[in-house]
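The file work10.cif contains mmCIF, C-alpha atoms:
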```cif
data_start
loop_
_atom_site.group_PDB
_atom_site.id
_atom_site.type_symbol
_atom_site.label_atom_id
_atom_site.label_comp_id
_atom_site.auth_asym_id
_atom_site.auth_seq_id
_atom_site.Cartn_x
_atom_site.Cartn_y
_atom_site.Cartn_z
ATOM 1 C CA MET A 97 -86.804 148.671 -80.140
ATOM 2 C CA SER A 98 -90.463 147.998 -80.937
ATOM 3 C CA THR A 99 -91.474 144.473 -81.803
ATOM 4 C CA PRO A 100 -94.562 143.255 -83.700
ATOM 5 C CA HIS A 101 -96.147 142.571 -80.304
ATOM 6 C CA SER A 102 -95.450 145.997 -78.823
ATOM 7 C CA PRO A 103 -98.535 147.727 -77.371
ATOM 8 C CA ALA A 104 -97.548 150.707 -79.524
ATOM 9 C CA LEU A 105 -98.275 148.686 -82.666
ATOM 10 C CA ALA A 106 -101.422 147.096 -84.046
ATOM 11 C CA SER A 107 -102.090 143.529 -82.946
ATOM 12 C CA LEU A 108 -101.377 140.732 -85.395
ATOM 13 C CA PRO A 109 -102.443 139.830 -87.996
ATOM 14 C CA LEU A 110 -102.153 143.358 -89.354
ATOM 15 C CA LEU A 111 -104.702 142.815 -92.113
ATOM 16 C CA LYS A 112 -107.406 141.815 -89.630
ATOM 17 C CA TYR A 113 -109.368 144.885 -88.590
ATOM 18 C CA ARG A 114 -111.180 145.090 -85.275
ATOM 19 C CA THR A 115 -114.637 146.621 -85.039
ATOM 20 C CA GLN A 116 -113.203 149.660 -83.248
ATOM 21 C CA ASP A 117 -110.685 150.132 -86.054
ATOM 22 C CA LEU A 118 -113.456 150.328 -88.639
ATOM 23 C CA LEU A 119 -115.511 152.639 -86.444
ATOM 24 C CA ALA A 120 -112.521 154.927 -85.936
ATOM 25 C CA ALA A 121 -111.816 155.056 -89.673
ATOM 26 C CA ALA A 122 -115.473 155.850 -90.382
ATOM 27 C CA THR A 123 -115.603 158.542 -87.697
ATOM 28 C CA ILE A 124 -112.446 160.239 -88.950
ATOM 29 C CA ALA A 125 -113.668 160.039 -92.548
ATOM 30 C CA VAL A 126 -117.095 161.521 -91.803
ATOM 31 C CA ALA A 127 -115.658 164.350 -89.711
ATOM 32 C CA PHE A 128 -113.094 165.314 -92.325
ATOM 33 C CA GLY A 129 -115.487 164.753 -95.229
ATOM 34 C CA VAL A 130 -117.828 167.410 -93.834
ATOM 35 C CA VAL A 131 -114.948 169.778 -93.103
ATOM 36 C CA PHE A 132 -113.540 169.149 -96.586
ATOM 37 C CA ARG A 133 -116.766 170.469 -98.090
ATOM 38 C CA LEU A 134 -116.331 173.713 -96.163
ATOM 39 C CA TYR A 135 -112.591 173.889 -96.758
ATOM 40 C CA GLY A 136 -113.178 173.706 -100.501
ATOM 41 C CA GLU A 137 -114.876 177.093 -100.313
ATOM 42 C CA LEU A 138 -111.525 178.629 -99.343
ATOM 43 C CA TYR A 139 -110.409 178.245 -102.928
ATOM 44 C CA SER A 140 -113.107 180.721 -103.959
ATOM 45 C CA VAL A 141 -112.630 183.047 -101.004
ATOM 46 C CA LEU A 142 -108.857 183.206 -101.467
ATOM 47 C CA ALA A 143 -108.954 183.474 -105.261
ATOM 48 C CA PRO A 144 -107.748 187.125 -105.307
ATOM 49 C CA TRP A 145 -104.717 186.086 -103.239
ATOM 50 C CA TYR A 146 -103.500 183.092 -105.216
ATOM 51 C CA LEU A 147 -104.374 184.610 -108.584
ATOM 52 C CA LEU A 148 -101.656 187.189 -107.902
ATOM 53 C CA HIS A 149 -99.188 184.303 -108.022
ATOM 54 C CA PRO A 150 -100.980 181.051 -108.996
ATOM 55 C CA PRO A 151 -98.425 178.534 -107.630
ATOM 56 C CA THR A 152 -99.193 179.671 -104.074
ATOM 57 C CA ILE A 153 -102.449 177.713 -104.319
ATOM 58 C CA GLY A 154 -100.242 174.761 -103.435
ATOM 59 C CA LEU A 155 -100.078 175.972 -99.852
ATOM 60 C CA LEU A 156 -103.634 174.718 -99.332
ATOM 61 C CA ILE A 157 -102.977 171.118 -100.374
ATOM 62 C CA GLY A 158 -101.760 169.697 -97.074
ATOM 63 C CA PHE A 159 -105.136 169.788 -95.370
ATOM 64 C CA TRP A 160 -106.613 167.292 -97.833
ATOM 65 C CA SER A 161 -104.399 164.434 -96.655
ATOM 66 C CA LEU A 162 -104.930 164.917 -92.916
ATOM 67 C CA PRO A 163 -107.502 162.101 -92.501
ATOM 68 C CA ALA A 164 -105.080 159.644 -94.092
ATOM 69 C CA LEU A 165 -102.265 160.662 -91.744
ATOM 70 C CA VAL A 166 -104.492 160.718 -88.668
ATOM 71 C CA ALA A 167 -106.127 157.358 -89.405
ATOM 72 C CA GLY A 168 -102.828 155.746 -90.361
ATOM 73 C CA PHE A 169 -101.159 156.846 -87.132
ATOM 74 C CA ILE A 170 -104.108 155.943 -84.909
ATOM 75 C CA ILE A 171 -105.169 152.585 -86.376
ATOM 76 C CA ARG A 172 -101.716 151.466 -87.575
ATOM 77 C CA ARG A 173 -102.909 148.834 -90.009
ATOM 78 C CA PRO A 174 -102.189 148.563 -93.747
ATOM 79 C CA GLY A 175 -104.856 150.301 -95.786
ATOM 80 C CA ALA A 176 -106.303 152.402 -92.963
ATOM 81 C CA ALA A 177 -104.916 155.649 -94.340
ATOM 82 C CA LEU A 178 -106.083 155.014 -97.905
ATOM 83 C CA PHE A 179 -109.508 153.705 -96.884
ATOM 84 C CA THR A 180 -110.218 156.638 -94.573
ATOM 85 C CA GLU A 181 -109.067 159.197 -97.130
ATOM 86 C CA LEU A 182 -111.222 157.692 -99.892
ATOM 87 C CA VAL A 183 -114.307 157.636 -97.663
ATOM 88 C CA ALA A 184 -113.709 161.255 -96.630
ATOM 89 C CA ALA A 185 -113.323 162.261 -100.281
ATOM 90 C CA SER A 186 -116.516 160.379 -101.181
ATOM 91 C CA ILE A 187 -118.437 162.199 -98.471
ATOM 92 C CA GLU A 188 -117.148 165.528 -99.729
ATOM 93 C CA ALA A 189 -118.257 164.644 -103.254
ATOM 94 C CA LEU A 190 -121.702 163.516 -102.057
ATOM 95 C CA LEU A 191 -122.093 166.831 -100.212
ATOM 96 C CA GLY A 192 -121.620 168.693 -103.471
ATOM 97 C CA GLY A 193 -117.878 169.239 -103.562
ATOM 98 C CA GLN A 194 -116.849 171.329 -106.541
ATOM 99 C CA TRP A 195 -114.342 168.865 -108.039
ATOM 100 C CA GLY A 196 -116.620 165.868 -108.627
ATOM 101 C CA VAL A 197 -114.759 162.649 -109.457
ATOM 102 C CA GLY A 198 -111.503 164.548 -109.150
ATOM 103 C CA THR A 199 -112.121 164.547 -105.409
ATOM 104 C CA LEU A 200 -111.763 160.755 -105.345
ATOM 105 C CA ILE A 201 -108.567 160.868 -107.385
ATOM 106 C CA GLY A 202 -107.170 163.441 -104.997
ATOM 107 C CA GLY A 203 -108.216 161.237 -102.095
ATOM 108 C CA PHE A 204 -106.395 158.283 -103.609
ATOM 109 C CA ASN A 205 -103.252 160.355 -104.142
ATOM 110 C CA ALA A 206 -103.326 161.556 -100.539
ATOM 111 C CA GLY A 207 -103.981 158.124 -99.072
ATOM 112 C CA ILE A 208 -101.415 156.269 -101.137
ATOM 113 C CA GLY A 209 -98.676 158.722 -100.200
ATOM 114 C CA ILE A 210 -99.209 158.093 -96.492
ATOM 115 C CA GLU A 211 -99.450 154.330 -97.051
ATOM 116 C CA ILE A 212 -96.123 154.289 -98.901
ATOM 117 C CA ALA A 213 -94.400 156.142 -96.066
ATOM 118 C CA LEU A 214 -95.743 153.630 -93.530
ATOM 119 C CA LEU A 215 -94.947 150.667 -95.772
ATOM 120 C CA ILE A 216 -91.308 151.757 -96.080
ATOM 121 C CA PHE A 217 -91.015 151.125 -92.340
ATOM 122 C CA MET A 218 -93.228 148.002 -92.474
ATOM 123 C CA TYR A 219 -95.941 149.703 -90.375
ATOM 124 C CA ARG A 220 -93.633 149.642 -87.357
ATOM 125 C CA LYS A 221 -92.613 153.309 -86.978
ATOM 126 C CA TYR A 222 -94.984 156.164 -86.210
ATOM 127 C CA THR A 223 -92.610 159.014 -85.512
ATOM 128 C CA LEU A 224 -92.591 162.644 -86.606
ATOM 129 C CA PRO A 225 -90.065 162.004 -89.426
ATOM 130 C CA VAL A 226 -92.326 159.259 -90.829
ATOM 131 C CA ALA A 227 -95.303 161.622 -90.683
ATOM 132 C CA ILE A 228 -93.298 164.295 -92.484
ATOM 133 C CA LEU A 229 -92.245 161.765 -95.113
ATOM 134 C CA GLY A 230 -95.880 160.792 -95.674
ATOM 135 C CA GLY A 231 -96.895 164.427 -95.923
ATOM 136 C CA PHE A 232 -94.252 164.961 -98.573
ATOM 137 C CA LEU A 233 -94.863 161.766 -100.559
ATOM 138 C CA HIS A 234 -98.568 162.445 -101.028
ATOM 139 C CA THR A 235 -97.755 165.649 -102.913
ATOM 140 C CA ILE A 236 -95.898 163.838 -105.701
ATOM 141 C CA PRO A 237 -98.831 161.982 -107.369
ATOM 142 C CA GLU A 238 -101.106 164.946 -106.679
ATOM 143 C CA TRP A 239 -98.697 167.306 -108.443
ATOM 144 C CA PHE A 240 -98.505 165.087 -111.523
ATOM 145 C CA TYR A 241 -102.290 164.744 -111.551
ATOM 146 C CA LYS A 242 -102.899 168.480 -111.280
ATOM 147 C CA LEU A 243 -100.416 169.202 -114.071
ATOM 148 C CA THR A 244 -102.450 166.844 -116.243
ATOM 149 C CA VAL A 245 -105.923 168.183 -115.509
ATOM 150 C CA ALA A 246 -105.494 171.784 -114.410
ATOM 151 C CA TYR A 247 -102.092 173.394 -114.738
ATOM 152 C CA GLY A 248 -100.685 171.925 -117.930
ATOM 153 C CA GLU A 249 -100.500 175.338 -119.615
ATOM 154 C CA TRP A 250 -98.372 176.868 -116.879
ATOM 155 C CA SER A 251 -94.726 177.649 -117.502
ATOM 156 C CA TRP A 252 -92.264 175.178 -116.034
ATOM 157 C CA PRO A 253 -90.977 177.666 -113.458
ATOM 158 C CA HIS A 254 -94.547 177.960 -112.159
ATOM 159 C CA LYS A 255 -94.967 174.182 -112.201
ATOM 160 C CA VAL A 256 -91.800 173.725 -110.180
ATOM 161 C CA GLU A 257 -92.906 176.439 -107.751
ATOM 162 C CA LEU A 258 -96.230 174.664 -107.355
ATOM 163 C CA PHE A 259 -94.451 171.490 -106.312
ATOM 164 C CA GLY A 260 -92.385 173.474 -103.831
ATOM 165 C CA PHE A 261 -95.521 174.923 -102.244
ATOM 166 C CA TYR A 262 -97.112 171.463 -102.270
ATOM 167 C CA ALA A 263 -94.083 170.074 -100.431
ATOM 168 C CA ILE A 264 -94.119 172.864 -97.838
ATOM 169 C CA SER A 265 -97.825 172.361 -97.182
ATOM 170 C CA GLY A 266 -97.528 168.579 -97.095
ATOM 171 C CA VAL A 267 -94.648 168.633 -94.629
ATOM 172 C CA ILE A 268 -96.100 171.283 -92.314
ATOM 173 C CA MET A 269 -99.865 170.850 -92.527
ATOM 174 C CA THR A 270 -100.082 167.099 -93.114
ATOM 175 C CA GLY A 271 -96.931 165.747 -91.531
ATOM 176 C CA ILE A 272 -96.302 167.988 -88.542
ATOM 177 C CA GLY A 273 -99.913 169.087 -88.065
ATOM 178 C CA GLY A 274 -101.324 165.573 -88.366
ATOM 179 C CA TYR A 275 -98.714 164.062 -86.065
ATOM 180 C CA TYR A 276 -99.385 166.530 -83.274
ATOM 181 C CA LEU A 277 -103.144 166.260 -83.775
ATOM 182 C CA VAL A 278 -102.889 162.521 -83.086
ATOM 183 C CA ARG A 279 -100.735 163.186 -80.027
ATOM 184 C CA ALA A 280 -103.225 165.743 -78.738
ATOM 185 C CA LEU A 281 -106.073 163.256 -79.146
ATOM 186 C CA ALA A 282 -104.028 160.574 -77.394
ATOM 187 C CA ASP A 283 -103.361 162.918 -74.474
ATOM 188 C CA THR A 284 -107.104 163.207 -73.858
ATOM 189 C CA GLY A 285 -107.416 159.432 -73.407
ATOM 190 C CA ALA A 286 -109.756 159.131 -76.383
ATOM 191 C CA LEU A 287 -107.342 156.761 -78.158
ATOM 192 C CA ASN A 288 -106.556 154.385 -75.306
ATOM 193 C CA MET A 289 -108.003 151.400 -77.175
ATOM 194 C CA PHE A 290 -105.728 152.100 -80.124
ATOM 195 C CA PRO A 291 -101.964 151.700 -80.497
ATOM 196 C CA ALA A 292 -101.458 155.476 -80.567
ATOM 197 C CA GLY A 293 -103.159 155.814 -77.197
ATOM 198 C CA ARG A 294 -101.298 152.886 -75.662
ATOM 199 C CA GLU A 295 -98.030 154.372 -76.864
ATOM 200 C CA ARG A 296 -98.760 157.640 -75.061
ATOM 201 C CA LEU A 297 -99.641 155.698 -71.904
ATOM 202 C CA LEU A 298 -96.332 153.865 -72.074
ATOM 203 C CA ASN A 299 -94.397 157.080 -72.604
ATOM 204 C CA SER A 300 -96.162 158.773 -69.690
ATOM 205 C CA GLY A 301 -95.634 155.859 -67.311
ATOM 206 C CA GLY A 302 -99.281 154.781 -67.462
ATOM 207 C CA LYS A 303 -100.620 158.064 -66.071
#
```
Go ahead and express the file in the form of C-alpha cells.
Amino acid sequence: MSTPHSPALASLPLLKYRTQDLLAAATIAVAFGVVFRLYGELYSVLAPWYLLHPPTIGLLIGFWSLPALVAGFIIRRPGAALFTELVAASIEALLGGQWGVGTLIGGFNAGIGIEIALLIFMYRKYTLPVAILGGFLHTIPEWFYKLTVAYGEWSWPHKVELFGFYAISGVIMTGIGGYYLVRALADTGALNMFPAGRERLLNSGGK
C-alpha cells in the first residue's frame, strides 16, 4: 500500500509546489492551449455530421479535459489539474478561441471534475479507474452549463443523449486516453523527476 512518503506520490507538504511542478503545469497548459485553438475548428468542420443528430457533438468533449488529467497524474498535487486546465483555456481564448469567456468556464468544469476524483482518494491513487472517474465527473458540470447556455431548447431525450455522449467521451478520451498518455510519457524517461515517472521506474525495477 502506498504511503504519503511513497516515491509514487508527491512529496509533503502537498500544497507546496516545486519549481519543476510549476514549469510542468505551464508546459502542459501552453501545449494544450495551442492545440485547443486548432481542435475548436473541428466543430465547424464536423458540423454536417453532428447536425444530423445534434447530441453526438458530445463525443468531442473529452479532449478538452486532457490537460487537467495529464497534469493531475504527473504532478500529483492538489490544484494542479484545475490550474493547468484554466491556463490552457486562457491561452485558447487569447489565441482567438470561438467561445470567449465560455472557454474559461469550460476549463473550470474540466479541471474541477478531475480534482474531485483525485480528492476522493486524498491524492493517493493514480490508477486507471481513478482516471476514468475523473473523465466522467468532469462531464457533469459541463453538461449542466451547456444546457443553460446552448442546448436549453432541446428536447429532454436529446439532452439525456448528450450526457450519454459526454460520458462516453469523458471516460474514453479523457480517462483512458489521458492515463495512457501519461504512462507513455513516463516510459520515455521524461517524467523521472515527477511522481508519475518514479512510479514507472519502481514498477519496471529501476530500468
* To do: Go through A:Gly158, A:Ala184, A:Gly196, A:Tyr135 one by one, measure the shortest atom-to-atom distance of each to Thr123 (chain A) using all atoms listed in the file, and give the residue with the smallest value.
  =>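 When distances to Thr123 (chain A) are compared using all atoms listed in the file, the smallest one comes from A:Ala184.
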* Leu258 (chain A) surroundings by only C-alpha atoms, 7 Å radius, close-in-sequence under 5 positions cut, as a ChimeraX atom specification -> /A:151-152,154
* Asked: Looking at A:Glu249, A:Phe261, A:Gln194, A:Gly168, which one is nearest to His149 (chain A), with distances taken over all atoms listed in the file?
  ->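 Looking at the shortest contact to His149 (chain A), the residue is A:Phe261.
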* Asked: What is the distance between CA of Gly207 (chain A) and CA of Pro174 (chain A), in Å to one decimal?
  ->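 That distance, rounded to one decimal, is 11.1 Å.
Ranking A:Leu134, A:Leu118, A:Val256, A:Ile208 by their shortest atom-to-atom distance to Pro150 (chain A), with all atoms listed in the file included, puts A:Val256 first.
If only C-alpha atoms are the atoms counted, then among A:Trp252, A:Tyr219, A:Phe169, A:Phe128 the closest residue to Pro291 (chain A) is A:Phe169.
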* Just the residues within 9 Å of Ala177 (chain A), please, counting only C-alpha atoms, with nothing from its chain fewer than 5 positions along; format it as a VMD selection string. => chain A and resid 121 163 to 169 171 to 172 182 206 to 208 210 to 211
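Counting all atoms listed in the file, Ile153 (chain A) has the following residues at most 10 Å away, ignoring those fewer than 5 positions along the same chain: A:Tyr139, A:Leu142, A:Ala143, A:Trp145, A:Tyr146, A:Leu147, A:Leu258, A:Phe261, A:Tyr262.
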* **Contacts of Val183 (chain A) within 10 Å, all atoms listed in the file, excl. fewer than 4 positions in-chain, as a list in words** => Ala121, Ala122, Ile124, Ala125, Val126, Phe128, Gly129, Pro163, Leu178, Phe179, Ile187, Glu188, Ala189, Leu200, Gly203 and Phe204 of chain A
* Asked: For Tyr276 (chain A), which residue among A:Phe132, A:Ile212, A:Glu137, A:Leu224 is the nearest when counting only C-alpha atoms?
  ->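 The answer is A:Leu224, which sits nearest to Tyr276 (chain A).
Residues matched by the PyMOL selection byres ((chain A and resi 239) around 10) in this file: Gly154, Ile157, Gly202, Asn205, His234, Thr235, Ile236, Pro237, Glu238, Phe240, Tyr241, Lys242, Leu243, Thr244, Tyr247, Lys255, Val256, Leu258, Phe259, Gly260, Tyr262 and Ala263 of chain A.
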Output C-alpha atoms for every residue in that selection, as an mmCIF file, in the coordinates of the input.
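And here's part.cif as it stands now:
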```cif
data_model
loop_
_atom_site.group_PDB
_atom_site.id
_atom_site.type_symbol
_atom_site.label_atom_id
_atom_site.label_comp_id
_atom_site.auth_asym_id
_atom_site.auth_seq_id
_atom_site.Cartn_x
_atom_site.Cartn_y
_atom_site.Cartn_z
ATOM 1 C CA GLY A 154 -100.242 174.761 -103.435
ATOM 2 C CA ILE A 157 -102.977 171.118 -100.374
ATOM 3 C CA GLY A 202 -107.170 163.441 -104.997
ATOM 4 C CA ASN A 205 -103.252 160.355 -104.142
ATOM 5 C CA HIS A 234 -98.568 162.445 -101.028
ATOM 6 C CA THR A 235 -97.755 165.649 -102.913
ATOM 7 C CA ILE A 236 -95.898 163.838 -105.701
ATOM 8 C CA PRO A 237 -98.831 161.982 -107.369
ATOM 9 C CA GLU A 238 -101.106 164.946 -106.679
ATOM 10 C CA PHE A 240 -98.505 165.087 -111.523
ATOM 11 C CA TYR A 241 -102.290 164.744 -111.551
ATOM 12 C CA LYS A 242 -102.899 168.480 -111.280
ATOM 13 C CA LEU A 243 -100.416 169.202 -114.071
ATOM 14 C CA THR A 244 -102.450 166.844 -116.243
ATOM 15 C CA TYR A 247 -102.092 173.394 -114.738
ATOM 16 C CA LYS A 255 -94.967 174.182 -112.201
ATOM 17 C CA VAL A 256 -91.800 173.725 -110.180
ATOM 18 C CA LEU A 258 -96.230 174.664 -107.355
ATOM 19 C CA PHE A 259 -94.451 171.490 -106.312
ATOM 20 C CA GLY A 260 -92.385 173.474 -103.831
ATOM 21 C CA TYR A 262 -97.112 171.463 -102.270
ATOM 22 C CA ALA A 263 -94.083 170.074 -100.431
#
```
* **Polymer residues at most 9 Å from Asp283 (chain A), all atoms listed in the file, same-chain spacing of 5 or more positions, as a list in words** =>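 Once the adjacent positions are removed, what remains is Val278, Gly293, Arg296 and Leu297 of chain A.
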* Rounded to one decimal in Å, what is the spacing between CA of Thr270 (chain A) and CA of Ala227 (chain A)? -> 7.7 Å
* Option closest in space to Gly192 (chain A), from A:Ala280, A:Tyr275, A:Leu108, A:Arg133 [counting all atoms listed in the file] ->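 Ranking A:Ala280, A:Tyr275, A:Leu108, A:Arg133 by distance to Gly192 (chain A), first place goes to A:Arg133.
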* **Point-to-point distance in Å for CA of Gly198 (chain A) and CA of Ala127 (chain A)** =>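 Atom-to-atom, CA of Ala127 (chain A) and CA of Gly198 (chain A) are spaced 19.9 Å apart.
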Produce the centre coordinates and the three edge lengths, each in Å to one decimal, of the box along x, y and z that contains all listed atoms of region 144-158 of chain A with 4 Å added on each side, as lines of an AutoDock Vina configuration file.
```
center_x = -103.1
center_y = 178.4
center_z = -103.0
size_x = 17.3
size_y = 25.5
size_z = 19.9
```
Starting from the sparse input, extend region 265-299 of chain A to N, CA and C atoms and give the output as a compact mmCIF listing (two decimals), in the coordinates of the input.
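Written file, out_31.txt:
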```
# COMPACT_ATOMS: atom_id res chain seq x y z
N SER A 265 -96.53 172.60 -97.80
CA SER A 265 -97.82 172.36 -97.18
C SER A 265 -97.94 170.92 -96.69
N GLY A 266 -97.46 169.98 -97.49
CA GLY A 266 -97.53 168.58 -97.10
C GLY A 266 -96.72 168.30 -95.85
N VAL A 267 -95.52 168.86 -95.79
CA VAL A 267 -94.65 168.63 -94.63
C VAL A 267 -95.23 169.28 -93.38
N ILE A 268 -95.66 170.54 -93.50
CA ILE A 268 -96.10 171.28 -92.31
C ILE A 268 -97.53 170.92 -91.92
N MET A 269 -98.46 171.03 -92.87
CA MET A 269 -99.86 170.85 -92.53
C MET A 269 -100.21 169.37 -92.31
N THR A 270 -99.76 168.52 -93.24
CA THR A 270 -100.08 167.10 -93.11
C THR A 270 -99.17 166.41 -92.10
N GLY A 271 -97.86 166.48 -92.36
CA GLY A 271 -96.93 165.75 -91.53
C GLY A 271 -96.87 166.22 -90.09
N ILE A 272 -96.45 167.46 -89.90
CA ILE A 272 -96.30 167.99 -88.54
C ILE A 272 -97.66 168.20 -87.89
N GLY A 273 -98.59 168.83 -88.63
CA GLY A 273 -99.91 169.09 -88.06
C GLY A 273 -100.65 167.81 -87.71
N GLY A 274 -100.63 166.83 -88.62
CA GLY A 274 -101.32 165.57 -88.37
C GLY A 274 -100.72 164.80 -87.22
N TYR A 275 -99.40 164.79 -87.14
CA TYR A 275 -98.71 164.06 -86.06
C TYR A 275 -99.11 164.62 -84.70
N TYR A 276 -99.07 165.94 -84.58
CA TYR A 276 -99.38 166.53 -83.27
C TYR A 276 -100.89 166.52 -82.98
N LEU A 277 -101.71 166.43 -84.01
CA LEU A 277 -103.14 166.26 -83.78
C LEU A 277 -103.40 164.89 -83.14
N VAL A 278 -102.74 163.86 -83.67
CA VAL A 278 -102.89 162.52 -83.09
C VAL A 278 -102.38 162.50 -81.65
N ARG A 279 -101.27 163.15 -81.40
CA ARG A 279 -100.74 163.19 -80.03
C ARG A 279 -101.70 163.91 -79.08
N ALA A 280 -102.28 165.00 -79.58
CA ALA A 280 -103.22 165.74 -78.74
C ALA A 280 -104.44 164.89 -78.41
N LEU A 281 -104.94 164.15 -79.39
CA LEU A 281 -106.07 163.26 -79.15
C LEU A 281 -105.69 162.15 -78.16
N ALA A 282 -104.48 161.63 -78.31
CA ALA A 282 -104.03 160.57 -77.39
C ALA A 282 -103.92 161.10 -75.97
N ASP A 283 -103.50 162.33 -75.81
CA ASP A 283 -103.36 162.92 -74.47
C ASP A 283 -104.70 163.03 -73.74
N THR A 284 -105.79 163.10 -74.50
CA THR A 284 -107.10 163.21 -73.86
C THR A 284 -107.60 161.86 -73.34
N GLY A 285 -106.96 160.77 -73.79
CA GLY A 285 -107.42 159.43 -73.41
C GLY A 285 -108.40 158.84 -74.39
N ALA A 286 -108.76 159.61 -75.42
CA ALA A 286 -109.76 159.13 -76.38
C ALA A 286 -109.24 157.98 -77.24
N LEU A 287 -107.92 157.79 -77.28
CA LEU A 287 -107.34 156.76 -78.16
C LEU A 287 -106.77 155.58 -77.39
N ASN A 288 -107.17 155.42 -76.14
CA ASN A 288 -106.56 154.38 -75.31
C ASN A 288 -106.76 152.97 -75.82
N MET A 289 -107.79 152.74 -76.63
CA MET A 289 -108.00 151.40 -77.18
C MET A 289 -107.25 151.18 -78.49
N PHE A 290 -106.50 152.19 -78.89
CA PHE A 290 -105.73 152.10 -80.12
C PHE A 290 -104.24 152.17 -79.82
N PRO A 291 -103.41 151.67 -80.73
CA PRO A 291 -101.96 151.70 -80.50
C PRO A 291 -101.42 153.09 -80.17
N ALA A 292 -101.94 154.12 -80.83
CA ALA A 292 -101.46 155.48 -80.57
C ALA A 292 -101.71 155.88 -79.12
N GLY A 293 -102.85 155.50 -78.58
CA GLY A 293 -103.16 155.81 -77.20
C GLY A 293 -102.32 155.01 -76.23
N ARG A 294 -102.11 153.73 -76.54
CA ARG A 294 -101.30 152.89 -75.66
C ARG A 294 -99.84 153.35 -75.65
N GLU A 295 -99.38 153.84 -76.79
CA GLU A 295 -98.03 154.37 -76.86
C GLU A 295 -97.86 155.58 -75.94
N ARG A 296 -98.84 156.47 -75.93
CA ARG A 296 -98.76 157.64 -75.06
C ARG A 296 -98.80 157.23 -73.59
N LEU A 297 -99.60 156.20 -73.28
CA LEU A 297 -99.64 155.70 -71.90
C LEU A 297 -98.29 155.14 -71.47
N LEU A 298 -97.65 154.41 -72.39
CA LEU A 298 -96.33 153.86 -72.07
C LEU A 298 -95.32 154.98 -71.85
N ASN A 299 -95.36 155.99 -72.70
CA ASN A 299 -94.40 157.08 -72.60
C ASN A 299 -94.62 157.95 -71.36
```
